[in-house]
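Report on the following structure.
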Amino acid sequence: MTEMLPVLAVFLPMLGGVLVFLLGCGPRNAWSVLTVMLSLTPSLLLVQQVAAVGTVEHHLGGWAPPLGIRLMADGLSALMILLTAVVGGLVSMHALGHFAERANAARNFWVLWPLLWGSLNALFLSADLFNAYVTLELVTLAAIPLVLLAGSAQAVNAALRYLILALFGSMLYLAGVALVYGLIGTLDMQLAAERLSGAGWVLDLAAALMVTGLLVKAAIVPFHLWLPDAHGGAPAPVSALLSALVVKAAVYLLLRLWSGPLFEPLSQPAAAWLLAGLGVAAILYGSVQALRQRRLKLVVAYSTVAQLGYMLLLFPMAGLLAWQGVIYHGVAHGVAKAALFLAAGNILYQLGHDRIVDMRGSGSVLAISFGCFALAGVSIMGLPPSGGFLAKWLLLQGSLQAGAWWLALVILAGGLLAAGYVFRVLRAAFQVPDPDAEEKLPEVRHIGAMMRWPMLLLALTAIGLGFAGEPLLTLLGDVPGRLG
Amino acid sequence: MAGLDVYALAAAVLMGLGFHGLVTQPHPLKRLLAVNVFGNGVFLALIVLARRLPDGPDPIPHAMVLTGIVIAVSATAFGLALVRRQAQDRERGDD
C-alpha cells in the first residue's frame, strides 16, 4: 500500500477532475468536496510516510530504471506536496464560496483544479528528466485555462501570451534534455547526476537551454511579462493557486536539477552569479513595480515577481543554510501569497473595485480582510515571528557564510521595499476619512464564512510557519546529491 | 554522436527560424506557428540523436518525440482557440 502512495497522489486528484467533468459538481457540491478529499488523503499520507521512513519510491508498472519511470518522494518532494495540500485544500474551500453564484465557472474550476493538483504532485514526484517535461506541460495546460475563468478579453490576451511563452520555454527545456540524453543515454536524474561530469561545453549548452526554459516558465525577470496580467486578472482562488504553486513548480524543478544532474554546470561561478543577478533584478524590479501599481491585485502579482527572485540567490551561496532558506522561502511565500490573494479577492468582492486610492476609510469596515492582508504581509516583509522571517534569516546566514555580503544587503532591501508596498495599501485603507468632507463609509457586500475562514487560516499559517521551522526542515533533510 | 549532416543542419535551421519568428512577429497566430517551427527543430534533433546506436535506431528518443508531438499539438490547438476568441472579442468591440 505505502509504495502505491506516489501513484495515488497523482491519479486520485485527476480521477476527481474527470468525475466532475462527467457528473458536474453534484448536489451541494458533493463531487467537488469528494475530489478535494481524494486529493488530500494520499498527499498527506505520503508526506507522513516520508517523514516516518524517508524516501519513498515507486517504479511504474514494475519496470526498473533506466527503462521504466521512477516516482520518488524525498524530503523536498514531500514538503512541496504538503504545501500544495495545505494551500490547495484551503483555497478549494474558498473556491466553494467564491464560485457559488457562477455555476458554469464553478464546474470548469472543479475540472481543471484537480487536474492541476495531480499534475503538480506528478512533477514533484518525477525523478526523470523527460517525465519532468511532460508533467511541467500538464501543469501549464491545466493552469492556463484557469486564468480564462475571469471571462474578460484581457484574460484571453494574458492567457495567450502565457501559453506561447510557456510552450517556447518547454521546447527549450526539451532541447536541453535531448542533449543530455545524447551525452549519457539515460533520462533518470540520479543516473544522470552520476554520469554527467566533465562533459564540457555540450553539457553547458544543455544546462543553458534547460535553465532558460524553466526561467521563462517561472516568470523570472526578464521573462515576467505575462505574469502580472495573468495573476492579477484571474479570479481570486485561481490567482492564489497560480502564484503560490504553479510558478513555484518551475523553480522547484530548477532547484532539483541543481542538486542533481546539472550541479556541475550551474556551480561554475559565472553561471551561479548570472542566475543570482537575475534574482536580484527580479527582487528590485518586482518590488518597485509593486509600489507603483494602482490596483491591489496587481500589487500582489508584482510582489510574486519579486519574491521569486529570492529563490535564485541560492546558486552562488550553495550551502546547507542557503538551501534550507530558499526552500523555506518557497513554502512561506506560497502560504502568505495565497492569503494575500484571497484577502485581495475578498476586498475586491466586498468593495466592488480594487483601486487603492478609493479604499480610503474602508479598513474599519473590512477589518478582517485587511487584517489578514496585514498578517500575510508580515511574512512577505520577513518580520518576526513569521515564516518569511525564518526563511530570510536562513538566507542571510547563508549569504554571510558564503562571504556574499552584498546579497545580504539585497535581501534586506527587498524586505524594506516589501514593507513599502504592504503599508501603502494599509495606509490607504486605515486612513481616517476627512471629518469635514461628508464622506460616507463605503457600501460593502457581505462575505460568507466559506470565503472568510480560508483567508484567515492561511494568514495565520503564514505567521505560524515561523514556529514550524524545526519539523519542516527535518522533513526537508540535507541537500540531496553532491553537497550533502 | 552524429556528425554534421543534413538532418542536424535542418534541425538547427528550423530552431533558428522559429526563434526569429517568435522574436520578430507581433501577431499571436504567427508567434504560435513560430514556436511550432522551433519545436519541430527540437523534434528533428531528437530523431538525429536516435541514430547513436550502432545496430538500428534507439527507440527512446522516438518515444520522446511522439510524446512531445502530442503535447505540442494539444497546446497549439488550445492556442488557436484562444487566437480565435481574441479575434471574436475584437469584432464585438468594433461594433
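Residue numbering restarts at 1 for every chain of the C-alpha cells, chains are lettered A, B, ... in their displayed order, and ligands are numbered from 1 as they appear.
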Please list as a list of chain:residue names every residue within 12 Å of Ala8 in chain B, counting only C-alpha atoms and excluding residues in the same chain fewer than 5 positions away. B:Met1, B:Ala2, B:Gly3, B:Val13, B:Leu14, B:Met15, B:Gly41, B:Val42, B:Phe43, B:Leu44, B:Ala45, B:Leu46, B:Ile47, B:Val48, B:Leu49, B:Ala50, B:Arg51
With N, CA and C atoms retained, export the selected residues as an mmCIF file, in the first residue's frame.
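This is the output file selection-v3.cif:
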```
data_model
loop_
_atom_site.group_PDB
_atom_site.id
_atom_site.type_symbol
_atom_site.label_atom_id
_atom_site.label_comp_id
_atom_site.auth_asym_id
_atom_site.auth_seq_id
_atom_site.Cartn_x
_atom_site.Cartn_y
_atom_site.Cartn_z
ATOM 1 N N MET B 1 28.229 10.335 -31.183
ATOM 2 C CA MET B 1 27.235 11.317 -31.634
ATOM 3 C C MET B 1 27.311 11.512 -33.137
ATOM 4 N N ALA B 2 26.203 11.845 -33.722
ATOM 5 C CA ALA B 2 26.159 12.043 -35.159
ATOM 6 C C ALA B 2 26.995 13.264 -35.537
ATOM 7 N N GLY B 3 27.697 13.178 -36.624
ATOM 8 C CA GLY B 3 28.485 14.314 -37.083
ATOM 9 C C GLY B 3 27.580 15.349 -37.718
ATOM 10 N N VAL B 13 18.519 24.887 -38.415
ATOM 11 C CA VAL B 13 17.891 25.955 -39.195
ATOM 12 C C VAL B 13 16.448 26.174 -38.726
ATOM 13 N N LEU B 14 15.719 25.071 -38.502
ATOM 14 C CA LEU B 14 14.330 25.191 -38.041
ATOM 15 C C LEU B 14 14.256 25.933 -36.700
ATOM 16 N N MET B 15 15.168 25.554 -35.791
ATOM 17 C CA MET B 15 15.162 26.220 -34.489
ATOM 18 C C MET B 15 15.448 27.711 -34.647
ATOM 19 N N GLY B 41 12.115 21.709 -34.947
ATOM 20 C CA GLY B 41 13.567 21.626 -34.950
ATOM 21 C C GLY B 41 14.066 20.749 -33.817
ATOM 22 N N VAL B 42 13.483 20.948 -32.631
ATOM 23 C CA VAL B 42 13.883 20.134 -31.471
ATOM 24 C C VAL B 42 13.567 18.664 -31.724
ATOM 25 N N PHE B 43 12.378 18.403 -32.286
ATOM 26 C CA PHE B 43 11.996 17.008 -32.543
ATOM 27 C C PHE B 43 12.950 16.365 -33.546
ATOM 28 N N LEU B 44 13.307 17.121 -34.593
ATOM 29 C CA LEU B 44 14.226 16.586 -35.599
ATOM 30 C C LEU B 44 15.579 16.277 -34.955
ATOM 31 N N ALA B 45 16.005 17.158 -34.050
ATOM 32 C CA ALA B 45 17.273 16.919 -33.356
ATOM 33 C C ALA B 45 17.206 15.611 -32.569
ATOM 34 N N LEU B 46 16.060 15.370 -31.943
ATOM 35 C CA LEU B 46 15.909 14.124 -31.188
ATOM 36 C C LEU B 46 15.985 12.913 -32.105
ATOM 37 N N ILE B 47 15.407 13.032 -33.305
ATOM 38 C CA ILE B 47 15.449 11.898 -34.239
ATOM 39 C C ILE B 47 16.882 11.669 -34.713
ATOM 40 N N VAL B 48 17.632 12.753 -34.902
ATOM 41 C CA VAL B 48 19.042 12.601 -35.264
ATOM 42 C C VAL B 48 19.774 11.842 -34.169
ATOM 43 N N LEU B 49 19.444 12.174 -32.908
ATOM 44 C CA LEU B 49 20.091 11.510 -31.770
ATOM 45 C C LEU B 49 19.797 10.021 -31.743
ATOM 46 N N ALA B 50 18.644 9.624 -32.255
ATOM 47 C CA ALA B 50 18.256 8.217 -32.194
ATOM 48 C C ALA B 50 19.195 7.335 -32.997
ATOM 49 N N ARG B 51 20.016 7.942 -33.839
ATOM 50 C CA ARG B 51 20.924 7.127 -34.653
ATOM 51 C C ARG B 51 22.205 6.773 -33.922
#
```
Go through range 23-54 of chain B and collect every residue that DSSP, computed from the backbone, puts in helix (DSSP H, G or I); the answer should be as a PyMOL selection string. chain B and resi 23-24+28-52
For the selection you just gave me, I'd like the residues written to a file as a short mmCIF file (atom, residue, chain, number, x, y, z; two decimals), in the first residue's frame, keeping C-alpha atoms.
```cif
data_model
loop_
_atom_site.label_atom_id
_atom_site.label_comp_id
_atom_site.auth_asym_id
_atom_site.auth_seq_id
_atom_site.Cartn_x
_atom_site.Cartn_y
_atom_site.Cartn_z
CA VAL B 23 11.02 37.44 -31.54
CA THR B 24 10.05 39.49 -34.60
CA PRO B 28 -0.13 35.83 -31.92
CA LEU B 29 -1.02 33.39 -34.72
CA LYS B 30 2.39 33.82 -36.31
CA ARG B 31 4.06 33.57 -32.93
CA LEU B 32 2.25 30.32 -32.26
CA LEU B 33 3.40 28.97 -35.61
CA ALA B 34 6.94 30.13 -34.91
CA VAL B 35 7.00 28.18 -31.64
CA ASN B 36 5.83 25.14 -33.58
CA VAL B 37 8.61 25.55 -36.14
CA PHE B 38 11.09 25.79 -33.28
CA GLY B 39 9.57 22.71 -31.70
CA ASN B 40 9.89 20.75 -34.94
CA GLY B 41 13.57 21.63 -34.95
CA VAL B 42 13.88 20.13 -31.47
CA PHE B 43 12.00 17.01 -32.54
CA LEU B 44 14.23 16.59 -35.60
CA ALA B 45 17.27 16.92 -33.36
CA LEU B 46 15.91 14.12 -31.19
CA ILE B 47 15.45 11.90 -34.24
CA VAL B 48 19.04 12.60 -35.26
CA LEU B 49 20.09 11.51 -31.77
CA ALA B 50 18.26 8.22 -32.19
CA ARG B 51 20.92 7.13 -34.65
CA ARG B 52 23.54 6.98 -31.91
#
```
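Going from CA of Phe423 in chain A to CA of Gly387 in chain A covers 18.8 Å.
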Considering only C-alpha atoms, return as number ranges by chain whatever protein or nucleic-acid residues lie within 7 Å of His333 in chain A, sequence-local ones (same chain, fewer than 2 positions apart) excluded. A: 244, 329-331, 335-337, 380, 388
Define the interface residues of chain A facing chain B as those within 12 Å, counting only C-alpha atoms, and report them as a PyMOL selection string. chain A and resi 66-68+129-131+133-142+144-145+147-148+151-187+202+209
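Note that CA of Gly345 in chain A and CA of Ala236 in chain A are 4.8 Å apart.
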Separating CA of Leu348 in chain A from CA of Val422 in chain A, to the nearest tenth of an Å, is a gap of 16.3 Å
Write out as an mmCIF file with C-alpha atoms, in the first residue's frame which residues come within 12 Å of range 317-323 of chain A when counting only C-alpha atoms, dropping same-chain ones fewer than 3 positions away.
```
data_model
loop_
_atom_site.group_PDB
_atom_site.id
_atom_site.type_symbol
_atom_site.label_atom_id
_atom_site.label_comp_id
_atom_site.auth_asym_id
_atom_site.auth_seq_id
_atom_site.Cartn_x
_atom_site.Cartn_y
_atom_site.Cartn_z
ATOM 1 C CA LEU A 76 11.927 18.173 -0.853
ATOM 2 C CA TYR A 252 11.279 23.574 -7.865
ATOM 3 C CA LEU A 255 16.442 23.511 -7.701
ATOM 4 C CA ARG A 256 16.035 19.781 -8.286
ATOM 5 C CA TRP A 258 20.876 21.993 -9.453
ATOM 6 C CA SER A 259 21.006 19.414 -6.684
ATOM 7 C CA PHE A 263 25.168 20.572 -10.426
ATOM 8 C CA GLU A 264 28.432 20.904 -12.318
ATOM 9 C CA LEU A 266 25.329 25.506 -12.548
ATOM 10 C CA SER A 267 28.085 25.658 -9.937
ATOM 11 C CA GLN A 268 30.500 27.456 -12.211
ATOM 12 C CA PRO A 269 30.879 30.965 -10.774
ATOM 13 C CA ALA A 272 25.785 30.929 -10.458
ATOM 14 C CA TRP A 273 26.264 34.696 -10.417
ATOM 15 C CA LEU A 275 21.317 33.399 -12.027
ATOM 16 C CA ALA A 276 21.701 35.287 -8.759
ATOM 17 C CA TYR A 310 14.918 35.201 -3.692
ATOM 18 C CA MET A 311 14.850 31.594 -4.794
ATOM 19 C CA LEU A 312 17.632 32.237 -7.328
ATOM 20 C CA LEU A 313 20.004 33.599 -4.700
ATOM 21 C CA LEU A 314 20.827 30.012 -3.766
ATOM 22 C CA VAL A 326 15.454 29.076 -0.289
ATOM 23 C CA ILE A 327 13.059 26.156 0.114
ATOM 24 C CA TYR A 328 11.558 27.575 3.283
ATOM 25 C CA HIS A 329 11.103 30.841 1.440
ATOM 26 C CA GLY A 330 9.217 28.984 -1.269
ATOM 27 C CA LEU A 390 12.739 32.392 9.284
ATOM 28 C CA ALA A 391 13.423 31.943 5.561
ATOM 29 C CA LYS A 392 15.183 35.300 5.243
ATOM 30 C CA TRP A 393 17.146 34.650 8.429
ATOM 31 C CA LEU A 394 18.459 31.382 6.962
ATOM 32 C CA LEU A 395 19.234 33.124 3.672
ATOM 33 C CA LEU A 396 21.072 35.947 5.443
ATOM 34 C CA GLN A 397 23.168 33.465 7.397
ATOM 35 C CA GLY A 398 23.809 31.519 4.204
ATOM 36 C CA SER A 399 24.947 34.613 2.334
ATOM 37 C CA LEU A 400 27.273 35.737 5.125
ATOM 38 C CA GLN A 401 28.670 32.231 5.411
ATOM 39 C CA ALA A 402 29.449 32.269 1.689
ATOM 40 C CA GLY A 403 31.018 35.722 2.038
ATOM 41 C CA ALA A 404 28.425 37.273 -0.278
ATOM 42 C CA TRP A 405 27.595 40.237 1.938
ATOM 43 C CA TRP A 406 26.008 42.241 -0.847
ATOM 44 C CA LEU A 407 23.411 39.519 -1.350
ATOM 45 C CA ALA A 408 22.572 40.061 2.329
ATOM 46 C CA LEU A 473 13.385 21.459 7.949
ATOM 47 C CA LEU A 476 13.424 18.501 4.119
ATOM 48 C CA GLY A 477 16.688 16.947 5.273
ATOM 49 C CA ASP A 478 20.108 17.516 3.727
ATOM 50 C CA VAL A 479 20.847 18.827 0.273
ATOM 51 C CA PRO A 480 20.377 15.814 -1.968
ATOM 52 C CA GLY A 481 23.238 14.900 -4.244
ATOM 53 C CA ARG A 482 26.784 16.142 -4.101
ATOM 54 C CA LEU A 483 26.722 18.810 -1.433
ATOM 55 C CA GLY A 484 25.025 16.619 1.150
#
```
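Within the 12 Å cut-off around Leu278 in chain A, using only C-alpha atoms and omitting residues fewer than 4 positions from it on the same chain, the listed residues are A:Thr212, A:Leu215, A:Ala219, A:Ile220, A:Val221, A:Pro222, A:Phe223, A:His224, A:Ala271, A:Ala272, A:Trp273, A:Leu274, A:Ala282, A:Ile283, A:Leu284, A:Tyr285, A:Gly286, A:Val305, A:Ala306, A:Leu308, A:Gly309, A:Tyr310, A:Met311, A:Leu312, A:Leu313, A:Leu314, A:Phe315.
Shortest atom-to-atom contact with Thr55 in chain A among A:Asp74, A:Leu416, A:Ile347, A:Asp188: A:Asp74, counting only C-alpha atoms.
Distances to Leu472 in chain A were evaluated for A:Pro42, A:Gly75, A:Gly200, A:Pro6 using only C-alpha atoms, and the minimum falls at A:Gly75.
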Would you give me, as a PyMOL selection string, the residues in range 24-94 of chain A that DSSP reads as strand (DSSP E or B)? chain A and resi 56-59+70-73
Would you list the contacts of Gly26 in chain A as a list of chain:residue names, taking every protein, DNA or RNA residue within 12 Å and counting only C-alpha atoms, but skipping same-chain residues closer than 5 positions in sequence? A:Leu19, A:Val20, A:Phe21, A:Trp31, A:Ser32, A:Val33, A:Leu34, A:Thr35, A:Ala103, A:Ala106, A:Arg107, A:Trp110
